[in-house]
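run20.cif follows (mmCIF, C-alpha atoms):
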```cif
data_start
#
loop_
_atom_site.label_atom_id
_atom_site.label_comp_id
_atom_site.auth_asym_id
_atom_site.auth_seq_id
_atom_site.Cartn_x
_atom_site.Cartn_y
_atom_site.Cartn_z
CA MET A 1263 18.20 14.41 8.57
CA GLN A 1264 19.29 11.25 10.41
CA LEU A 1265 15.66 10.42 11.25
CA TYR A 1266 14.72 10.89 7.59
CA ARG A 1267 17.51 8.63 6.38
CA ALA A 1268 16.75 6.00 9.02
CA GLU A 1269 13.24 5.56 7.62
CA MET A 1270 14.41 5.03 4.03
CA PRO A 1271 15.79 1.76 2.59
CA GLY A 1272 19.38 1.74 1.33
CA PRO A 1273 19.00 2.70 -2.37
CA LEU A 1274 16.57 5.52 -1.58
CA LYS A 1275 18.45 7.22 1.25
CA ASP A 1276 19.86 9.98 -0.92
CA ASN A 1277 16.65 10.70 -2.84
CA LYS A 1278 15.23 14.07 -1.83
CA MET A 1279 12.05 15.87 -2.84
CA ARG A 1280 13.62 19.23 -1.99
CA PRO A 1281 17.23 20.43 -1.55
CA ARG A 1282 16.71 21.12 2.17
CA ILE A 1283 15.31 18.64 4.69
CA ALA A 1284 13.00 21.33 6.14
CA GLU A 1285 11.48 21.87 2.70
CA THR A 1286 11.08 18.12 2.28
CA ALA A 1287 9.24 17.94 5.61
CA LYS A 1288 6.89 20.74 4.55
CA THR A 1289 6.20 18.97 1.26
CA LEU A 1290 5.37 15.71 3.02
CA TRP A 1291 3.16 17.60 5.46
CA LEU A 1292 1.26 19.24 2.60
CA ILE A 1293 0.68 15.94 0.78
CA TYR A 1294 -0.41 14.27 4.03
CA VAL A 1295 -2.91 17.03 4.85
CA LEU A 1296 -4.35 17.09 1.32
CA LEU A 1297 -4.89 13.32 1.36
CA THR A 1298 -6.48 13.45 4.82
CA VAL A 1299 -8.92 16.21 3.82
CA ALA A 1300 -9.79 14.44 0.56
CA CYS A 1301 -10.40 11.15 2.38
CA ALA A 1302 -12.58 12.79 5.05
CA LEU A 1303 -14.69 14.58 2.45
CA ALA A 1304 -15.10 11.43 0.35
CA LEU A 1305 -16.24 9.41 3.38
CA TRP A 1306 -18.63 12.17 4.44
CA PHE A 1307 -20.17 12.39 0.97
CA ALA A 1308 -20.53 8.58 1.02
CA GLY A 1309 -22.81 8.85 4.07
CA MET A 1310 -20.43 8.52 7.00
CA PRO A 1311 -21.10 10.97 9.88
CA ALA A 1312 -18.65 13.89 10.02
CA PHE A 1313 -16.96 12.78 13.25
CA ASP A 1314 -16.48 9.23 11.97
CA ALA A 1315 -15.29 10.52 8.59
CA ILE A 1316 -12.60 12.67 10.21
CA GLY A 1317 -11.51 9.89 12.56
CA HIS A 1318 -11.32 7.28 9.82
CA SER A 1319 -9.47 9.65 7.48
CA PHE A 1320 -6.77 10.05 10.15
CA ALA A 1321 -6.48 6.28 10.57
CA THR A 1322 -6.59 5.63 6.82
CA ILE A 1323 -3.91 8.04 5.63
CA ALA A 1324 -1.69 7.11 8.58
CA ILE A 1325 -2.47 3.42 7.88
CA GLY A 1326 -3.12 3.02 11.58
CA GLY A 1327 -6.32 1.02 11.24
CA PHE A 1328 -8.07 2.47 14.30
CA SER A 1329 -11.83 2.95 14.14
CA THR A 1330 -14.44 4.87 16.09
CA HIS A 1331 -16.51 1.69 16.38
CA ASP A 1332 -15.80 -1.78 17.77
CA ALA A 1333 -16.95 -3.37 14.50
CA SER A 1334 -14.41 -1.24 12.61
CA VAL A 1335 -15.43 -0.25 9.08
CA GLY A 1336 -17.93 -3.12 9.03
CA TYR A 1337 -20.14 -1.02 11.32
CA PHE A 1338 -21.23 1.13 8.37
CA ASP A 1339 -22.08 -1.84 6.12
CA SER A 1340 -21.40 0.23 3.00
CA PRO A 1341 -19.58 -1.09 -0.09
CA THR A 1342 -18.96 2.53 -1.15
CA ILE A 1343 -17.22 3.38 2.13
CA ASN A 1344 -15.22 0.16 1.88
CA THR A 1345 -14.03 1.10 -1.59
CA ILE A 1346 -13.12 4.68 -0.64
CA ILE A 1347 -11.04 3.56 2.34
CA ALA A 1348 -9.32 0.84 0.30
CA ILE A 1349 -8.41 3.32 -2.45
CA PHE A 1350 -6.93 5.81 0.02
CA LEU A 1351 -5.04 2.98 1.73
CA LEU A 1352 -3.48 2.15 -1.63
CA ILE A 1353 -2.57 5.80 -2.18
CA SER A 1354 -1.05 6.03 1.30
CA GLY A 1355 0.84 2.79 0.74
CA CYS A 1356 2.69 4.31 -2.23
CA ASN A 1357 5.91 6.29 -2.06
CA TYR A 1358 5.04 9.90 -1.22
CA GLY A 1359 7.80 10.98 -3.57
CA LEU A 1360 5.61 9.81 -6.46
CA HIS A 1361 2.71 11.92 -5.17
CA PHE A 1362 5.07 14.89 -5.00
CA SER A 1363 6.12 14.32 -8.61
CA LEU A 1364 2.47 14.36 -9.66
CA LEU A 1365 1.81 17.58 -7.74
CA SER A 1366 4.89 19.09 -9.37
CA GLY A 1367 3.25 18.79 -12.77
CA ARG A 1368 4.49 15.43 -14.00
CA SER A 1369 2.12 12.94 -15.63
CA LEU A 1370 0.60 9.84 -14.07
CA LYS A 1371 3.19 7.82 -15.98
CA VAL A 1372 5.65 8.61 -13.18
CA TYR A 1373 3.89 5.97 -11.09
CA TRP A 1374 4.13 3.20 -13.64
CA ARG A 1375 7.78 3.96 -14.36
CA ASP A 1376 8.59 3.15 -10.73
CA PRO A 1377 9.45 -0.58 -10.34
CA GLU A 1378 8.44 -0.63 -6.68
CA PHE A 1379 5.00 0.79 -7.48
CA ARG A 1380 4.48 -1.80 -10.23
CA MET A 1381 5.34 -4.62 -7.86
CA PHE A 1382 3.15 -3.15 -5.10
CA ILE A 1383 0.11 -2.91 -7.38
CA GLY A 1384 0.87 -6.31 -8.90
CA VAL A 1385 0.86 -7.95 -5.48
CA GLN A 1386 -2.46 -6.29 -4.58
CA LEU A 1387 -4.12 -7.33 -7.85
CA THR A 1388 -2.89 -10.90 -7.55
CA LEU A 1389 -4.16 -11.22 -3.99
CA VAL A 1390 -7.53 -9.67 -4.86
CA ILE A 1391 -8.02 -12.10 -7.76
CA ILE A 1392 -7.04 -15.11 -5.64
CA CYS A 1393 -9.27 -14.13 -2.72
CA THR A 1394 -12.23 -13.27 -4.95
CA LEU A 1395 -12.11 -16.59 -6.80
CA VAL A 1396 -11.68 -18.68 -3.65
CA LEU A 1397 -14.47 -16.86 -1.78
CA TRP A 1398 -16.77 -17.17 -4.80
CA PHE A 1399 -16.16 -20.90 -5.23
CA HIS A 1400 -16.75 -21.47 -1.50
CA ASP A 1401 -20.01 -19.44 -1.55
CA VAL A 1402 -18.91 -17.29 1.38
CA TYR A 1403 -20.94 -14.33 0.10
CA THR A 1404 -24.20 -14.29 -1.80
CA SER A 1405 -23.21 -12.11 -4.77
CA ALA A 1406 -20.17 -11.58 -6.96
CA VAL A 1407 -20.15 -7.83 -6.26
CA THR A 1408 -20.09 -8.37 -2.48
CA THR A 1409 -17.38 -11.00 -2.87
CA LEU A 1410 -15.18 -8.66 -4.91
CA ASN A 1411 -15.79 -5.74 -2.54
CA GLN A 1412 -14.93 -7.76 0.56
CA ALA A 1413 -11.86 -9.31 -1.06
CA PHE A 1414 -10.59 -5.94 -2.31
CA PHE A 1415 -11.01 -4.25 1.06
CA GLN A 1416 -9.55 -7.02 3.21
CA VAL A 1417 -6.58 -7.56 0.90
CA VAL A 1418 -5.63 -3.89 0.81
CA SER A 1419 -6.25 -3.44 4.53
CA MET A 1420 -3.97 -6.34 5.45
CA ALA A 1421 -1.32 -5.81 2.77
CA THR A 1422 -0.83 -2.17 3.75
CA THR A 1423 -0.76 -3.17 7.47
CA ALA A 1424 -3.82 -1.04 8.29
CA GLY A 1425 -5.91 -3.78 9.90
CA PHE A 1426 -9.39 -2.40 9.21
CA THR A 1427 -12.07 -5.10 8.98
CA THR A 1428 -15.51 -5.32 7.42
CA ASP A 1429 -16.30 -8.94 8.22
CA SER A 1430 -14.93 -11.82 10.27
CA ILE A 1431 -12.29 -13.61 8.21
CA ALA A 1432 -13.04 -16.69 10.31
CA ARG A 1433 -15.66 -17.33 7.61
CA TRP A 1434 -12.94 -17.48 4.98
CA PRO A 1435 -11.04 -20.65 3.99
CA LEU A 1436 -8.07 -20.97 6.35
CA PHE A 1437 -5.25 -20.42 3.86
CA LEU A 1438 -6.57 -16.98 2.81
CA PRO A 1439 -5.97 -15.30 6.20
CA VAL A 1440 -2.51 -16.91 6.26
CA LEU A 1441 -1.84 -15.55 2.76
CA LEU A 1442 -2.92 -12.07 3.82
CA LEU A 1443 -0.75 -12.28 6.93
CA CYS A 1444 2.24 -13.00 4.71
CA SER A 1445 1.39 -9.98 2.56
CA ALA A 1446 1.39 -7.81 5.69
CA PHE A 1447 5.05 -8.73 6.24
CA ILE A 1448 5.82 -7.15 2.85
CA GLY A 1449 3.80 -4.03 3.67
CA GLY A 1450 3.76 -0.81 1.67
CA CYS A 1451 6.29 1.06 -0.43
CA ALA A 1452 9.31 2.89 0.92
CA GLY A 1453 8.46 6.49 1.74
CA SER A 1454 4.85 5.60 2.56
CA THR A 1455 2.96 5.45 5.85
CA GLY A 1456 2.65 1.67 5.54
CA GLY A 1457 4.53 -0.78 7.72
CA GLY A 1458 6.18 -4.09 6.90
CA LEU A 1459 9.54 -4.83 5.33
CA LYS A 1460 8.70 -2.51 2.39
CA VAL A 1461 8.20 -3.64 -1.19
CA ILE A 1462 11.55 -2.24 -2.34
CA ARG A 1463 13.46 -4.62 -0.06
CA ILE A 1464 11.53 -7.65 -1.35
CA LEU A 1465 12.13 -6.48 -4.93
CA LEU A 1466 15.86 -6.11 -4.34
CA LEU A 1467 15.93 -9.50 -2.64
CA PHE A 1468 14.53 -11.13 -5.77
CA LYS A 1469 16.94 -9.22 -8.00
CA GLN A 1470 19.88 -10.24 -5.83
CA GLY A 1471 18.74 -13.87 -5.88
CA ASN A 1472 18.42 -13.77 -9.66
CA ARG A 1473 21.95 -12.34 -9.95
CA GLU A 1474 23.39 -15.08 -7.75
CA LEU A 1475 21.73 -17.77 -9.88
CA LYS A 1476 23.26 -16.22 -13.01
CA ARG A 1477 26.67 -16.22 -11.34
CA LEU A 1478 26.38 -19.96 -10.75
CA VAL A 1479 26.15 -20.42 -14.51
CA HIS A 1480 28.70 -17.73 -15.45
CA PRO A 1481 31.02 -17.18 -12.44
CA ASN A 1482 33.23 -14.63 -14.21
CA ALA A 1483 30.43 -12.50 -15.62
CA VAL A 1484 29.56 -9.13 -14.10
CA TYR A 1485 25.87 -8.58 -13.44
CA SER A 1486 24.54 -5.31 -12.07
CA ILE A 1487 21.31 -4.86 -10.15
CA LYS A 1488 19.18 -2.14 -11.70
CA LEU A 1489 16.35 -0.25 -10.09
CA GLY A 1490 14.54 1.32 -12.99
CA ASN A 1491 17.28 2.75 -15.20
CA ARG A 1492 19.78 3.16 -12.38
CA ALA A 1493 22.41 0.56 -11.53
CA LEU A 1494 22.86 0.02 -7.80
CA PRO A 1495 26.36 -0.19 -6.26
#
```
Rewrite the structure of this file - the entire thing - as structure tokens.
Amino acid sequence: MQLYRAEMPGPLKDNKMRPRIAETAKTLWLIYVLLTVACALALWFAGMPAFDAIGHSFATIAIGGFSTHDASVGYFDSPTINTIIAIFLLISGCNYGLHFSLLSGRSLKVYWRDPEFRMFIGVQLTLVIICTLVLWFHDVYTSAVTTLNQAFFQVVSMATTAGFTTDSIARWPLFLPVLLLCSAFIGGCAGSTGGGLKVIRILLLFKQGNRELKRLVHPNAVYSIKLGNRALP
């Protein structure tokens, strides 16, 4: 239980998927295995050899970023494979508690109701748009589709702390790799396999900063920090 709590940020420490920690571990194991199998099958159907598909599914769901080839994912030179890996990186970068809620019969709305998930997706979309526009204006790639595919993959790979590559970012304008490096410090959501500070901590940092600014204007007012519909102590 102490190991479980140590991995969770402050406001989420007491959130449990199951009443018992052993049941929670089994639930996480089931979700992890299902995602790994789904990722391996998707990569295999996309044309990746079986051994490579299994190896990359392990590294994708774990957000480890290891590859069976020196050129990483770029070895396969496949926009479809790039997209599949990026999608599963996004899924793995989300709180596994949300995946459990979906498997328990709740609707997809459970994701959008989560403020951390909204911020996580918002950061990814913003970075993808910025990178796509900059790469397009600098004519780094020959087509808009390739530009979008490369931007989407590299943004998600860096922002989730995976580190997969499809192309040398030395070709990119200098500030883009720096921007992606900053996104890696944020990392994935709490309760995910992603690294970084976790999105929830950055979100709470902004909320705390906003509260302190309000207190400068109204020193005697009481402002609570809310995460969703719950006020934090």
Counting only C-alpha atoms, give me one row per residue of range 1318-1429 of chain A with an atom at most 9 Å from an atom of range 1283-1305 of chain A, showing the shortest contact pair and its distance in Å to one decimal, sorted by chain then residue number, as CSV.
```
residue,atom,partner,partner_atom,distance
A:His1318,CA,A:Ala1302,CA,7.4
A:Ser1319,CA,A:Ala1302,CA,5.0
A:Phe1320,CA,A:Thr1298,CA,6.3
A:Thr1322,CA,A:Cys1301,CA,8.0
A:Ile1323,CA,A:Thr1298,CA,6.0
A:Ala1324,CA,A:Tyr1294,CA,8.6
A:Thr1342,CA,A:Leu1305,CA,8.7
A:Ile1343,CA,A:Leu1305,CA,6.2
A:Ile1346,CA,A:Leu1305,CA,6.9
A:Ile1347,CA,A:Cys1301,CA,7.6
A:Phe1350,CA,A:Cys1301,CA,6.8
A:Ile1353,CA,A:Leu1297,CA,8.6
A:Ser1354,CA,A:Leu1297,CA,8.2
A:Tyr1358,CA,A:Leu1290,CA,7.2
A:Gly1359,CA,A:Leu1290,CA,8.5
A:His1361,CA,A:Ile1293,CA,7.5
A:Phe1362,CA,A:Ile1293,CA,7.3
A:Leu1365,CA,A:Ile1293,CA,8.7
```
Please list as an mmCIF file with C-alpha atoms, in the coordinates of the input every residue within 8 Å of range 1385-1390 of chain A, counting only C-alpha atoms and excluding residues in the same chain fewer than 5 positions away.
```
data_model
loop_
_atom_site.group_PDB
_atom_site.id
_atom_site.type_symbol
_atom_site.label_atom_id
_atom_site.label_comp_id
_atom_site.auth_asym_id
_atom_site.auth_seq_id
_atom_site.Cartn_x
_atom_site.Cartn_y
_atom_site.Cartn_z
ATOM 1 C CA LEU A 1410 -15.180 -8.660 -4.910
ATOM 2 C CA ALA A 1413 -11.860 -9.310 -1.060
ATOM 3 C CA PHE A 1414 -10.590 -5.940 -2.310
ATOM 4 C CA VAL A 1417 -6.580 -7.560 0.900
ATOM 5 C CA VAL A 1418 -5.630 -3.890 0.810
ATOM 6 C CA ALA A 1421 -1.320 -5.810 2.770
ATOM 7 C CA LEU A 1442 -2.920 -12.070 3.820
#
```
Neighbours of point (-5.3, -10.3, 8.3) within 9 Å, using all atoms listed in the file, written as a ChimeraX atom specification: /A:1416-1417,1419-1421,1423,1425-1427,1431,1438-1446
Best match for closeness to Val1461 in chain A among A:Ile1392, A:Asn1491, A:Phe1382, A:Thr1422, counting only C-alpha atoms: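 Among the listed residues, the smallest separation from Val1461 in chain A belongs to A:Phe1382.
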Distance in Å - CA of Ser1363 in chain A versus CA of Cys1451 in chain A: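 Separation of CA of Ser1363 in chain A and CA of Cys1451 in chain A: 15.6 Å.
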Atomic distance CA of Phe1447 in chain A - CA of Ile1383 in chain A, expressed in Å with one decimal: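 For CA of Phe1447 in chain A relative to CA of Ile1383 in chain A, the distance reads 15.6 Å.
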Atomic distance CA of Asp1314 in chain A - CA of Ser1454 in chain A, expressed in Å with one decimal: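 Answer for the CA of Asp1314 in chain A to CA of Ser1454 in chain A separation: 23.6 Å.
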Nearest to Asp1429 in chain A, chosen from A:Asn1411, A:Gly1355, A:Val1484, A:Leu1364, with only C-alpha atoms counted in the distances: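 Using only C-alpha atoms, Asp1429 in chain A sits closest to A:Asn1411.
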Using all atoms listed in the file: which of A:Ala1312, A:Ala1432, A:Ala1348, A:Ile1464 has the shortest distance to Gln1412 in chain A: A:Ala1348
Residue nearest Phe1468 in chain A among A:Leu1436, A:Met1381, A:Ala1321, A:Ala1452 (counting only C-alpha atoms): A:Met1381
Pick from A:Ala1424, A:Ala1406, A:Ala1315, A:Ala1308 nearest to Gly1327 in chain A, counting only C-alpha atoms: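 Selected residue with least distance to Gly1327 in chain A: A:Ala1424.
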